$ cat final-v8.cif   # mmCIF, C-alpha atoms
data_query
loop_
_atom_site.label_atom_id
_atom_site.label_comp_id
_atom_site.auth_asym_id
_atom_site.auth_seq_id
_atom_site.Cartn_x
_atom_site.Cartn_y
_atom_site.Cartn_z
CA MET Q 1 4.84 -64.72 133.09
CA ILE Q 2 8.04 -66.69 132.65
CA PHE Q 3 6.93 -69.29 135.22
CA LYS Q 4 3.46 -69.49 133.71
CA SER Q 5 4.85 -70.52 130.33
CA LEU Q 6 7.49 -72.83 131.82
CA PRO Q 7 5.49 -76.12 131.69
CA SER Q 8 4.50 -75.60 128.07
CA SER Q 9 8.08 -74.61 127.18
CA VAL Q 10 9.44 -77.74 128.86
CA LEU Q 11 6.88 -79.90 127.07
CA ALA Q 12 7.71 -78.27 123.73
CA TRP Q 13 11.43 -78.86 124.35
CA LEU Q 14 10.79 -82.49 125.28
CA ARG Q 15 8.74 -82.93 122.10
CA ASP Q 16 11.42 -81.45 119.88
CA THR Q 17 14.67 -82.49 121.53
CA PRO Q 18 16.75 -84.90 119.48
CA CYS Q 19 18.08 -86.32 122.77
CA ARG Q 20 14.82 -87.87 123.94
CA TRP Q 21 16.38 -91.33 124.14
CA LEU Q 22 19.04 -89.99 126.52
CA LEU Q 23 16.29 -88.68 128.78
CA ILE Q 24 14.40 -91.98 128.63
CA MET Q 25 17.52 -94.02 129.47
CA THR Q 26 18.48 -91.66 132.30
CA VAL Q 27 15.00 -91.79 133.84
CA LEU Q 28 14.86 -95.60 133.43
CA GLY Q 29 18.30 -95.97 135.05
CA LEU Q 30 17.42 -93.79 138.02
CA GLY Q 31 13.97 -95.34 138.39
CA LEU Q 32 14.70 -99.05 137.87
CA ARG Q 33 18.13 -98.89 139.56
CA GLU Q 34 19.76 -102.36 139.59
CA ASN Q 35 17.60 -104.34 137.17
CA TYR Q 36 19.72 -105.82 134.43
CA PRO Q 37 20.31 -104.34 131.86
CA PHE Q 38 19.29 -101.13 133.61
CA SER Q 39 21.36 -99.62 136.38
CA HIS Q 40 22.01 -96.33 138.12
CA PHE Q 41 25.72 -97.34 138.14
CA PRO Q 42 26.39 -97.03 141.86
CA MET Q 43 29.93 -98.44 141.78
CA PHE Q 44 32.33 -96.12 143.60
CA SER Q 45 29.49 -93.65 144.17
CA SER Q 46 30.68 -93.14 147.74
CA PHE Q 47 33.85 -93.69 149.75
CA SER Q 48 34.46 -94.48 153.38
CA ASN Q 49 37.58 -94.61 155.55
CA ARG Q 50 36.87 -98.31 156.16
CA SER Q 51 35.92 -101.26 153.96
CA TYR Q 52 36.57 -104.97 153.71
CA PHE Q 53 37.09 -107.80 151.26
CA ILE Q 54 37.11 -111.56 151.58
CA HIS Q 55 39.23 -114.31 150.11
CA LEU Q 56 39.47 -118.07 150.26
CA ALA Q 57 42.21 -120.19 151.79
CA ASP Q 58 42.78 -123.93 151.92
CA ALA Q 59 42.77 -125.97 155.16
CA ASP Q 60 46.37 -124.87 155.87
CA GLY Q 61 45.48 -121.20 155.45
CA THR Q 62 47.21 -120.80 152.06
CA ALA Q 63 45.37 -118.27 149.91
CA LEU Q 64 43.53 -119.65 146.85
CA ARG Q 65 42.73 -118.00 143.53
CA THR Q 66 38.99 -117.34 143.49
CA ARG Q 67 38.87 -117.97 139.72
CA GLN Q 68 39.63 -121.64 140.44
CA LEU Q 69 36.03 -121.88 141.63
CA GLY Q 70 34.70 -120.21 138.49
CA LEU Q 71 33.95 -116.72 139.80
CA SER Q 72 35.79 -113.49 140.42
CA ASN Q 73 36.72 -112.25 143.87
CA SER Q 74 34.48 -109.18 143.58
CA THR Q 75 31.51 -111.35 142.53
CA MET Q 76 32.16 -113.64 145.51
CA LYS Q 77 32.30 -110.64 147.83
CA LYS Q 78 28.99 -109.31 146.49
CA ILE Q 79 27.38 -112.72 147.02
CA PHE Q 80 28.77 -112.72 150.56
CA ASP Q 81 27.37 -109.19 151.06
CA ARG Q 82 23.90 -110.39 150.08
CA TYR Q 83 24.02 -113.17 152.69
CA ARG Q 84 25.50 -110.73 155.22
CA ARG Q 85 22.60 -108.29 154.79
CA VAL Q 86 20.11 -111.11 155.40
CA GLU Q 87 21.99 -112.37 158.46
CA LEU Q 88 22.32 -108.89 159.96
CA LYS Q 89 18.50 -108.77 160.06
CA HIS Q 90 18.50 -112.26 161.57
CA PHE Q 91 20.80 -111.26 164.40
CA ALA Q 92 19.21 -107.86 164.98
CA ASP Q 93 18.93 -108.54 168.74
CA ALA Q 94 22.44 -109.94 169.20
CA GLY Q 95 23.89 -106.66 170.49
CA SER Q 96 27.64 -106.21 170.13
CA GLU Q 97 28.02 -109.75 168.70
CA ARG Q 98 25.62 -109.00 165.83
CA VAL Q 99 28.19 -108.31 163.08
CA ARG Q 100 30.47 -111.21 164.08
CA LEU Q 101 27.59 -113.70 164.15
CA ALA Q 102 26.10 -112.40 160.89
CA GLU Q 103 29.46 -112.62 159.10
CA ALA Q 104 30.07 -116.15 160.38
CA ALA Q 105 26.62 -117.25 159.16
CA ALA Q 106 27.12 -115.43 155.82
CA GLY Q 107 30.47 -117.19 155.44
CA GLN Q 108 28.79 -120.59 155.90
CA SER Q 109 26.08 -119.61 153.36
CA LEU Q 110 28.81 -118.63 150.91
CA LEU Q 111 30.49 -122.03 151.35
CA ARG Q 112 27.15 -123.73 150.65
CA TYR Q 113 26.82 -121.63 147.48
CA LEU Q 114 30.32 -122.74 146.44
CA ASP Q 115 29.27 -126.35 147.09
CA GLY Q 116 26.53 -125.85 144.50
CA LEU Q 117 28.99 -124.36 142.02
CA ALA Q 118 31.08 -127.50 142.18
CA ALA Q 119 28.28 -129.30 140.33
CA ALA Q 120 28.88 -127.05 137.31
CA LYS Q 121 32.69 -127.07 137.73
CA PRO Q 122 33.77 -130.47 139.13
CA ALA Q 123 37.45 -129.46 139.45
CA ALA Q 124 36.37 -126.91 142.05
CA GLY Q 125 34.94 -129.68 144.24
CA LYS Q 126 38.45 -130.86 145.21
CA LEU Q 127 39.18 -127.46 146.75
CA LEU Q 128 36.19 -127.48 149.09
CA PRO Q 129 37.23 -129.74 152.04
CA GLY Q 130 38.69 -127.51 154.76
CA LEU Q 131 38.14 -124.36 152.67
CA GLN Q 132 38.25 -121.17 154.76
CA VAL Q 133 36.60 -117.81 154.20
CA GLN Q 134 38.89 -115.03 155.37
CA HIS Q 135 37.69 -111.51 156.09
CA VAL Q 136 40.11 -108.59 155.69
CA LYS Q 137 39.18 -105.21 157.13
CA VAL Q 138 40.89 -102.21 155.50
CA HIS Q 139 40.80 -98.84 157.20
CA GLN Q 140 42.57 -95.54 156.91
CA GLU Q 141 44.12 -94.11 160.06
CA SER Q 142 45.94 -90.78 159.85
CA ASN Q 143 46.97 -91.17 156.22
CA ASN Q 144 47.96 -94.84 156.67
CA LEU Q 145 46.21 -98.00 155.55
CA VAL Q 146 45.70 -100.72 158.16
CA PHE Q 147 44.69 -104.34 157.41
CA GLU Q 148 43.15 -106.84 159.86
CA THR Q 149 42.52 -110.46 158.80
CA ARG Q 150 40.38 -113.10 160.52
CA THR Q 151 38.82 -116.43 159.51
CA ILE Q 152 35.02 -116.27 159.59
CA ALA Q 153 33.98 -119.71 158.28
CA ARG Q 154 35.41 -123.15 157.50
CA HIS Q 155 34.04 -125.81 155.17
CA ARG Q 156 32.89 -128.82 157.19
CA MET T 1 12.55 -79.02 112.18
CA THR T 2 12.15 -82.42 110.54
CA THR T 3 13.33 -85.73 112.02
CA GLN T 4 15.88 -86.09 109.21
CA ARG T 5 17.50 -82.78 110.12
CA ARG T 6 17.56 -83.57 113.84
CA ILE T 7 19.20 -87.00 113.62
CA PRO T 8 22.87 -86.89 112.55
CA THR T 9 23.50 -89.05 109.52
CA PHE T 10 26.32 -91.56 109.19
CA ALA T 11 27.83 -92.81 105.93
CA PHE T 12 27.51 -96.41 104.77
CA TYR T 13 31.14 -97.29 105.59
CA GLU T 14 30.80 -95.84 109.11
CA ARG T 15 27.66 -97.84 109.82
CA LEU T 16 29.21 -101.01 108.40
CA VAL T 17 32.35 -100.74 110.56
CA MET T 18 30.23 -99.90 113.61
CA ARG T 19 27.96 -102.92 113.04
CA LEU T 20 30.92 -105.25 112.52
CA LEU T 21 32.79 -104.09 115.63
CA PHE T 22 29.66 -103.94 117.77
CA ALA T 23 28.68 -107.48 116.73
CA CYS T 24 32.14 -108.66 117.89
CA LEU T 25 31.61 -106.77 121.15
CA VAL T 26 28.22 -108.42 121.75
CA TRP T 27 29.72 -111.84 121.04
CA ARG T 28 32.57 -111.25 123.52
CA ALA T 29 30.39 -109.61 126.19
CA THR T 30 27.76 -112.36 126.23
CA PRO T 31 28.79 -115.12 128.67
CA SER T 32 30.14 -118.10 126.73
CA SER T 33 29.21 -120.55 129.49
CA LEU T 34 27.07 -120.44 132.60
CA ILE T 35 29.04 -121.57 135.67
CA VAL T 36 26.36 -120.70 138.18
CA ASN T 37 24.40 -122.22 141.05
CA GLY T 38 20.87 -121.77 139.68
CA ILE T 39 19.14 -118.39 139.79
CA PRO T 40 19.19 -117.70 143.54
CA SER T 41 18.64 -113.95 143.40
CA PRO T 42 16.61 -113.05 140.26
CA ASN T 43 17.48 -109.68 138.79
CA GLY T 44 16.14 -107.74 135.81
CA ILE T 45 14.89 -109.95 132.99
CA THR T 46 15.07 -113.09 135.19
CA ARG T 47 12.34 -111.55 137.37
CA LEU T 48 10.06 -111.35 134.34
CA VAL T 49 10.91 -114.57 132.50
CA ASP T 50 11.77 -118.00 133.90
CA LEU T 51 15.18 -118.61 132.31
CA HIS T 52 16.04 -121.88 134.06
CA PHE T 53 15.87 -123.62 130.66
CA LEU T 54 19.04 -121.73 129.65
CA LEU T 55 20.94 -123.51 132.44
CA ASP T 56 20.77 -126.72 130.39
CA PRO T 57 24.19 -126.82 128.63
CA HIS T 58 22.62 -128.13 125.38
CA VAL T 59 20.05 -125.35 125.30
CA PHE T 60 22.73 -122.78 126.08
CA SER T 61 24.96 -124.11 123.28
CA PHE T 62 22.05 -123.70 120.89
CA ALA T 63 21.47 -120.17 122.21
CA ARG T 64 25.12 -119.29 121.49
CA ILE T 65 24.77 -120.60 117.92
CA ALA T 66 21.56 -118.56 117.52
CA LEU T 67 23.43 -115.50 118.82
CA GLY T 68 26.25 -116.03 116.30
CA ALA T 69 23.80 -116.41 113.41
CA ALA T 70 21.81 -113.36 114.53
CA LEU T 71 24.96 -111.23 114.72
CA ILE T 72 26.03 -112.25 111.20
CA LEU T 73 22.58 -111.28 109.90
CA TYR T 74 22.82 -108.00 111.83
CA VAL T 75 26.15 -107.12 110.25
CA LEU T 76 24.80 -107.94 106.78
CA ARG T 77 21.56 -106.03 107.50
CA LEU T 78 19.46 -109.10 106.65
CA VAL T 79 16.17 -109.82 108.50
CA VAL T 80 17.21 -107.32 111.13
CA TRP T 81 13.71 -107.42 112.63
CA LEU T 82 14.53 -111.02 113.69
CA ALA T 83 18.29 -110.78 114.24
CA LEU T 84 18.19 -107.94 116.78
CA PRO T 85 15.53 -109.44 119.09
CA VAL T 86 17.26 -112.86 119.02
CA ALA T 87 20.66 -111.31 119.83
CA LEU T 88 19.07 -109.16 122.54
CA PHE T 89 17.27 -112.12 124.12
CA VAL T 90 20.36 -114.34 124.27
CA ASN T 91 22.53 -111.49 125.57
CA LEU T 92 20.03 -110.38 128.21
CA GLY T 93 19.20 -113.97 129.17
CA ALA T 94 22.79 -115.09 129.71
CA SER T 95 23.89 -111.84 131.36
CA GLY T 96 20.69 -111.75 133.41
CA ILE T 97 21.46 -115.19 134.85
CA THR T 98 25.07 -114.29 135.71
CA ASN T 99 23.74 -111.14 137.39
CA SER T 100 21.20 -113.16 139.38
CA GLN T 101 23.76 -114.81 141.67
CA GLY T 102 23.47 -112.08 144.30
CA ALA T 103 26.16 -109.98 142.66
CA ILE T 104 25.56 -107.32 140.01
CA GLN T 105 28.44 -106.74 137.61
CA HIS T 106 28.60 -103.58 135.51
CA ALA T 107 31.36 -104.55 133.10
CA ALA T 108 29.20 -105.65 130.15
CA GLN T 109 26.07 -103.66 130.92
CA ILE T 110 26.83 -100.96 128.36
CA VAL T 111 26.80 -103.56 125.57
CA SER T 112 23.36 -104.88 126.59
CA LEU T 113 22.01 -101.34 126.83
CA ILE T 114 23.28 -100.40 123.35
CA LEU T 115 21.82 -103.60 121.92
CA PHE T 116 18.52 -102.76 123.61
CA ALA T 117 18.66 -99.20 122.21
CA GLN T 118 19.35 -100.45 118.67
CA THR T 119 16.47 -102.93 118.86
CA VAL T 120 14.02 -100.28 120.04
CA ALA T 121 15.40 -97.80 117.46
CA HIS T 122 14.88 -100.34 114.68
CA PHE T 123 11.25 -101.07 115.50
CA TYR T 124 10.52 -97.41 116.19
CA GLY T 125 12.08 -96.64 112.79
CA LEU T 126 9.91 -99.26 111.06
CA TRP T 127 6.85 -97.67 112.66
CA ARG T 128 8.00 -94.18 111.60
CA ARG T 129 8.61 -95.43 108.06
CA ARG T 130 5.01 -96.53 107.83
CA HIS T 131 4.13 -92.95 108.68
CA GLY T 132 6.22 -91.57 105.83
CA GLU T 133 9.69 -91.22 107.30
CA GLU T 134 12.60 -91.58 104.89
CA GLY T 135 14.00 -95.13 105.00
CA ALA T 136 17.68 -94.11 105.15
CA ILE T 137 17.22 -92.54 108.59
CA LEU T 138 16.58 -95.98 110.15
CA GLU T 139 20.24 -96.97 110.47
CA SER T 140 21.45 -93.53 111.50
CA ARG T 141 18.91 -93.49 114.30
CA ALA T 142 20.37 -96.78 115.63
CA VAL T 143 23.81 -95.13 115.83
CA TRP T 144 22.39 -91.92 117.30
CA TRP T 145 20.51 -93.81 120.02
CA SER T 146 23.61 -95.92 120.71
CA GLN T 147 25.54 -92.69 121.31
CA GLN T 148 22.82 -91.40 123.61
CA THR T 149 22.88 -94.68 125.52
CA ILE T 150 26.62 -94.37 126.11
CA VAL T 151 26.12 -90.82 127.35
CA ALA T 152 23.30 -92.00 129.64
CA VAL T 153 25.63 -94.58 131.23
CA TYR T 154 28.20 -91.93 132.17
CA LEU T 155 25.64 -89.29 133.10
CA LEU T 156 23.86 -91.76 135.41
CA ALA T 157 27.14 -92.68 137.10
CA GLY T 158 27.83 -88.98 137.72
CA ILE T 159 24.31 -88.18 138.96
CA THR T 160 24.31 -91.22 141.29
CA LYS T 161 27.61 -90.08 142.87
CA LEU T 162 26.03 -86.72 143.66
CA ILE T 163 22.78 -88.22 144.95
CA VAL T 164 24.43 -90.86 147.17
CA THR T 165 26.92 -88.43 148.72
CA LYS T 166 24.55 -85.43 148.71
CA GLY T 167 27.01 -83.61 146.46
CA LEU T 168 30.05 -84.39 148.64
CA TRP T 169 31.62 -87.07 146.44
CA ILE T 170 34.81 -85.11 145.79
CA PHE T 171 35.30 -84.57 149.54
CA GLN T 172 34.82 -88.29 150.22
CA ALA T 173 37.30 -89.16 147.47
CA ARG T 174 40.18 -88.47 149.90
CA TRP T 175 39.47 -91.98 151.22
CA ILE T 176 39.86 -93.54 147.78
CA GLY T 177 43.06 -95.26 148.99
CA VAL T 178 40.91 -97.75 150.95
CA SER T 179 39.00 -98.65 147.77
CA ILE T 180 42.20 -98.89 145.72
CA ALA T 181 43.74 -101.27 148.30
CA LYS T 182 40.59 -103.38 148.39
CA ALA T 183 40.46 -103.58 144.57
CA ALA T 184 44.17 -104.45 144.46
CA TYR T 185 43.75 -107.42 146.79
CA GLN T 186 40.57 -108.57 145.03
CA ARG T 187 42.44 -108.55 141.74
CA PHE T 188 45.36 -110.37 143.37
CA TYR T 189 43.05 -113.11 144.68
CA ASN T 190 41.65 -113.49 141.15
CA GLY T 191 45.05 -114.81 140.20
CA PHE T 192 47.19 -111.78 139.39
CA GLY T 193 50.85 -111.62 140.43
CA TRP T 194 52.70 -109.97 143.27
CA ASP T 195 54.06 -107.24 140.95
CA ASP T 196 50.56 -105.99 140.14
CA LEU T 197 49.61 -106.07 143.82
CA GLU T 198 52.70 -104.17 144.92
CA GLN T 199 52.25 -101.53 142.22
CA GLN T 200 48.58 -100.98 143.13
CA LEU T 201 49.26 -100.96 146.86
CA ALA T 202 51.89 -98.28 146.29
CA VAL T 203 49.20 -96.19 144.56
CA ALA T 204 46.78 -96.92 147.44
CA HIS T 205 49.30 -95.78 150.07
CA PHE T 206 50.07 -92.66 148.01
CA ALA T 207 46.33 -91.92 147.77
CA ALA T 208 45.92 -92.38 151.54
CA ALA T 209 48.82 -90.03 152.24
CA HIS T 210 47.84 -87.40 149.62
CA GLY T 211 44.04 -87.60 149.72
CA TRP T 212 43.33 -84.12 148.40
CA ILE T 213 45.48 -84.54 145.29
CA VAL T 214 43.61 -87.75 144.50
CA ALA T 215 40.28 -86.02 145.20
CA LEU T 216 41.22 -83.37 142.63
CA ILE T 217 41.99 -86.05 140.02
CA ALA T 218 38.73 -87.84 140.88
CA GLY T 219 36.95 -84.52 140.34
CA VAL T 220 38.15 -84.53 136.72
CA GLY T 221 36.52 -87.95 136.31
CA LEU T 222 33.25 -86.67 137.75
CA PHE T 223 33.43 -83.64 135.44
CA LEU T 224 33.85 -85.98 132.44
CA GLU T 225 30.83 -88.05 133.52
CA LEU T 226 28.57 -85.05 134.08
CA GLY T 227 29.86 -83.38 130.91
CA SER T 228 29.29 -86.49 128.79
CA PRO T 229 26.13 -85.04 127.10
CA LEU T 230 28.50 -82.68 125.27
CA MET T 231 29.50 -85.74 123.21
CA LEU T 232 26.17 -85.35 121.44
CA VAL T 233 26.95 -81.83 120.20
CA ASN T 234 28.98 -82.89 117.17
CA ARG T 235 31.67 -85.30 115.97
CA VAL T 236 34.56 -83.24 117.37
CA TRP T 237 33.06 -83.20 120.88
CA ALA T 238 32.22 -86.90 120.61
CA ALA T 239 35.79 -87.83 119.63
CA THR T 240 37.44 -85.46 122.13
CA LEU T 241 35.41 -86.47 125.17
CA GLY T 242 35.43 -90.09 123.97
CA CYS T 243 39.26 -90.01 124.10
CA GLY T 244 39.05 -88.28 127.49
CA LEU T 245 36.83 -91.00 128.93
CA ILE T 246 39.06 -93.76 127.53
CA CYS T 247 42.06 -92.07 129.25
CA PHE T 248 39.94 -91.95 132.42
CA HIS T 249 39.33 -95.72 132.12
CA LEU T 250 43.02 -96.38 131.48
CA GLY T 251 43.81 -94.42 134.64
CA LEU T 252 41.31 -96.50 136.61
CA ASP T 253 42.83 -99.64 135.15
CA TYR T 254 46.32 -98.59 136.27
CA THR T 255 45.30 -97.54 139.78
CA MET T 256 42.48 -99.95 140.62
CA GLY T 257 42.60 -102.69 138.00
CA LEU T 258 39.14 -101.69 136.73
CA THR T 259 39.37 -102.05 132.96
CA PHE T 260 35.75 -101.53 131.84
CA ILE T 261 37.02 -102.75 128.50
CA TYR T 262 33.55 -102.88 126.91
CA ASN T 263 32.97 -99.22 127.83
CA GLN T 264 36.26 -98.36 126.15
CA TRP T 265 35.32 -100.24 123.01
CA ALA T 266 31.83 -98.70 122.93
CA LEU T 267 33.41 -95.23 123.14
CA ALA T 268 35.92 -96.11 120.41
CA ILE T 269 33.27 -97.53 118.07
CA PHE T 270 30.44 -95.02 118.43
CA MET T 271 32.07 -91.85 119.74
CA ILE T 272 35.60 -91.70 118.39
CA ASN T 273 34.54 -93.41 115.16
CA ALA T 274 38.05 -93.59 113.66
CA PRO T 275 36.90 -94.57 110.11
CA TYR T 276 35.22 -91.16 109.70
CA TRP T 277 38.37 -89.27 110.67
CA ILE T 278 40.56 -91.46 108.48
CA VAL T 279 38.32 -91.03 105.44
CA THR T 280 37.91 -87.31 106.12
CA GLY T 281 41.68 -86.93 106.49
CA VAL T 282 42.28 -88.79 103.24
CA GLY T 283 39.60 -86.60 101.61
CA LYS T 284 41.46 -83.47 102.70
CA ILE T 285 44.70 -84.75 101.14
CA TRP T 286 43.02 -85.93 97.94
CA PRO T 287 39.89 -83.77 97.65
CA SER T 288 38.53 -85.67 94.66
CA ARG T 289 38.20 -88.79 96.78
CA ARG T 290 36.42 -86.98 99.60
CA PRO T 291 33.31 -88.97 100.52
CA ALA T 292 29.93 -87.28 100.45
CA THR T 293 29.09 -87.84 104.08
CA ALA T 294 26.85 -85.87 106.31
CA SER T 295 27.28 -83.98 109.58
#

$ encode --input "final-v8.cif" --output "structure tokens"
Amino acid sequence: MIFKSLPSSVLAWLRDTPCRWLLIMTVLGLGLRENYPFSHFPMFSSFSNRSYFIHLADADGTALRTRQLGLSNSTMKKIFDRYRRVELKHFADAGSERVRLAEAAAGQSLLRYLDGLAAAKPAAGKLLPGLQVQHVKVHQESNNLVFETRTIARHR
Amino acid sequence: MTTQRRIPTFAFYERLVMRLLFACLVWRATPSSLIVNGIPSPNGITRLVDLHFLLDPHVFSFARIALGAALILYVLRLVVWLALPVALFVNLGASGITNSQGAIQHAAQIVSLILFAQTVAHFYGLWRRRHGEEGAILESRAVWWSQQTIVAVYLLAGITKLIVTKGLWIFQARWIGVSIAKAAYQRFYNGFGWDDLEQQLAVAHFAAAHGWIVALIAGVGLFLELGSPLMLVNRVWAATLGCGLICFHLGLDYTMGLTFIYNQWALAIFMINAPYWIVTGVGKIWPSRRPATAS
């Protein structure tokens, strides 16, 4: 009897609830996921014992502030991630070299993107010759954090 | 139960302060310039509308002026039917382009969503008015839907954590030290100093060494997100949980450098709503001056 009347009770509640907009926004967020302005807000929704970040360095290997190129480091990393995902599909048959090759190609794509940015921010153009993309792997090993850095791409 | 009784009402001074502060928030949250390389990875509104014309600096300057004018009209409650859509279009257009570079940022999303909610609430209210609804409810609905939007943002973040980790988010949080270290270096490479980096790395190493303590603290954050609908119960819950969430953001800022400053301001404006508590407090001291506000 309770289950029989459940659908009509739910419908009646939906009709009368003053929080209908909350329901609409929640459903839209979960359904449309990352479609600005909608989002399901996935940041920090999961954690792993390993991750990585990237940063830029000049030809001598001295670290550069990412903001000098007009974008934040996290934005640059997300752009790199997008290229990396594409390249991982590209190198699907590369076996154990797959990740290294994909990251090198993604690094070059990122440098090309930064080339394009220089048109909107001319001061950034001076930083480009010899620019390096450095990849830093962070992982947790028995309650300690370990960092490994390598250069994955250089501006030609 | 009538619509009027279901929607909490807000006094004129509350709505005025909210509009003024929210207009400032929209102005600050909307990108003031577009330093981008085209629209390489369309997202959201840029999938629906070709916004390349906004990349022209002259057009974008005009759009910023239109946004400023629209926000002034919005604060003054003049031609709101025009002001809100114009403000929404410029905000969504500029933010849509910056989010179409292959990287989605969530810092200013809450502002766009509240603006969207207020625009829909306004036109829905105009439609309801034609069907006999009392005119005064129009503005209160905009605030009420703004509050529900803020709750939706936190509730979604909480639900997503449970979906992605199949309910094991708190157990995974023992690895939060890796994320804190990553965020610390990313902030450092944005141009912050060594002191900030050292302080945040110390937190990261502590988190790595004491994972379960950090997981417990993270659990409080998840509880706040999932409990955010309680903010809609009444003003006391809204202010209490609003303060709790701001403290949560301040904690994230200290440990990971994640300010989410627009979220904090949205909570302060629409949930904590200091003017109400100040006026109510004054009204308790001098009862004759107590304003005749609603729930």

$ residues_around --input "final-v8.cif" --residues "Arg15 in chain T" --least-positions-apart "2" --cutoff "12 Å" --atoms "only C-alpha atoms" --output "number ranges by chain"
T: 9-13, 17-23, 74-77, 136-144, 146, 269-270, 273-276, 293

$ write_last_selection --input "final-v8.cif" --atoms "C-alpha atoms" --output "short mmCIF file (atom, residue, chain, number, x, y, z; two decimals), in the coordinates of the input"
data_model
loop_
_atom_site.label_atom_id
_atom_site.label_comp_id
_atom_site.auth_asym_id
_atom_site.auth_seq_id
_atom_site.Cartn_x
_atom_site.Cartn_y
_atom_site.Cartn_z
CA THR T 9 23.50 -89.05 109.52
CA PHE T 10 26.32 -91.56 109.19
CA ALA T 11 27.83 -92.81 105.93
CA PHE T 12 27.51 -96.41 104.77
CA TYR T 13 31.14 -97.29 105.59
CA VAL T 17 32.35 -100.74 110.56
CA MET T 18 30.23 -99.90 113.61
CA ARG T 19 27.96 -102.92 113.04
CA LEU T 20 30.92 -105.25 112.52
CA LEU T 21 32.79 -104.09 115.63
CA PHE T 22 29.66 -103.94 117.77
CA ALA T 23 28.68 -107.48 116.73
CA TYR T 74 22.82 -108.00 111.83
CA VAL T 75 26.15 -107.12 110.25
CA LEU T 76 24.80 -107.94 106.78
CA ARG T 77 21.56 -106.03 107.50
CA ALA T 136 17.68 -94.11 105.15
CA ILE T 137 17.22 -92.54 108.59
CA LEU T 138 16.58 -95.98 110.15
CA GLU T 139 20.24 -96.97 110.47
CA SER T 140 21.45 -93.53 111.50
CA ARG T 141 18.91 -93.49 114.30
CA ALA T 142 20.37 -96.78 115.63
CA VAL T 143 23.81 -95.13 115.83
CA TRP T 144 22.39 -91.92 117.30
CA SER T 146 23.61 -95.92 120.71
CA ILE T 269 33.27 -97.53 118.07
CA PHE T 270 30.44 -95.02 118.43
CA ASN T 273 34.54 -93.41 115.16
CA ALA T 274 38.05 -93.59 113.66
CA PRO T 275 36.90 -94.57 110.11
CA TYR T 276 35.22 -91.16 109.70
CA THR T 293 29.09 -87.84 104.08
#

$ atom_distance --input "final-v8.cif" --atom1 "CA of Trp212 in chain T" --atom2 "CA of Trp169 in chain T"
12.2 Å

$ closest_residue --input "final-v8.cif" --among "Q:Phe91, Q:Phe3, Q:Phe44, Q:Trp13" --to "chain T" --atoms "all atoms listed in the file"
Q:Phe44

$ closest_atom_pairs --input "final-v8.cif" --of "chain T" --to "chain Q" --cutoff "6 Å" --atoms "all atoms listed in the file" --output "tab-separated table"
residue	atom	partner	partner_atom	distance
T:Arg6	CA	Q:Pro18	CA	5.9
T:Ile35	CA	Q:Ala120	CA	5.7
T:Val36	CA	Q:Leu117	CA	5.9
T:Asn37	CA	Q:Leu117	CA	5.2
T:Asn43	CA	Q:Asn35	CA	5.6
T:Gly44	CA	Q:Asn35	CA	3.9
T:Gly102	CA	Q:Ile79	CA	4.8
T:Ala103	CA	Q:Lys78	CA	4.8
T:Gln109	CA	Q:Pro37	CA	5.9
T:Gln148	CA	Q:Leu22	CA	5.0
T:Ala152	CA	Q:Thr26	CA	5.5
T:Leu156	CA	Q:His40	CA	5.6
T:Ala157	CA	Q:Phe41	CA	5.0
T:Lys161	CA	Q:Ser45	CA	4.2
T:Gln172	CA	Q:Phe47	CA	5.5
T:Trp175	CA	Q:Asn49	CA	5.4
T:Gln186	CA	Q:Asn73	CA	5.5
T:Tyr189	CA	Q:Arg65	CA	5.0
T:Asn190	CA	Q:Arg65	CA	5.2
T:Gly191	CA	Q:Arg65	CA	5.2
T:Ala208	CA	Q:Asn143	CA	4.9
T:Ala209	CA	Q:Asn143	CA	4.5

$ resolve_selection --input "final-v8.cif" --expression "the PyMOL selection byres ((chain T and resi 53) around 12)" --output "list in words"
Leu34, Gly38, Ile39, Thr46, Val49, Asp50, Leu51, His52, Leu54, Leu55, Asp56, Pro57, His58, Val59, Phe60, Ser61, Phe62, Ala63, Gly93, Ala94 and Ile97 of chain T

$ atom_distance --input "final-v8.cif" --atom1 "CA of Gly193 in chain T" --atom2 "CA of Thr30 in chain T"
27.1 Å

$ resolve_selection --input "final-v8.cif" --expression "the PyMOL selection byres ((chain T and resi 238) around 9)" --output "tab-separated table (two decimals) with C-alpha atoms, in the coordinates of the input"
chain	number	residue	atom	x	y	z
T	147	GLN	CA	25.54	-92.69	121.31
T	228	SER	CA	29.29	-86.49	128.79
T	230	LEU	CA	28.50	-82.68	125.27
T	231	MET	CA	29.50	-85.74	123.21
T	232	LEU	CA	26.17	-85.35	121.44
T	233	VAL	CA	26.95	-81.83	120.20
T	234	ASN	CA	28.98	-82.89	117.17
T	235	ARG	CA	31.67	-85.30	115.97
T	236	VAL	CA	34.56	-83.24	117.37
T	237	TRP	CA	33.06	-83.20	120.88
T	239	ALA	CA	35.79	-87.83	119.63
T	240	THR	CA	37.44	-85.46	122.13
T	241	LEU	CA	35.41	-86.47	125.17
T	242	GLY	CA	35.43	-90.09	123.97
T	243	CYS	CA	39.26	-90.01	124.10
T	267	LEU	CA	33.41	-95.23	123.14
T	270	PHE	CA	30.44	-95.02	118.43
T	271	MET	CA	32.07	-91.85	119.74
T	272	ILE	CA	35.60	-91.70	118.39
T	273	ASN	CA	34.54	-93.41	115.16

$ residues_around --input "final-v8.cif" --residues "Ala181 in chain T" --least-positions-apart "4" --cutoff "7 Å" --atoms "only C-alpha atoms" --output "VMD selection string"
chain T and resid 177 185 201 204

$ write_last_selection --input "final-v8.cif" --atoms "C-alpha atoms" --output "compact mmCIF listing (two decimals), in the frame of the given file"
# COMPACT_ATOMS: atom_id res chain seq x y z
CA GLY T 177 43.06 -95.26 148.99
CA TYR T 185 43.75 -107.42 146.79
CA LEU T 201 49.26 -100.96 146.86
CA ALA T 204 46.78 -96.92 147.44
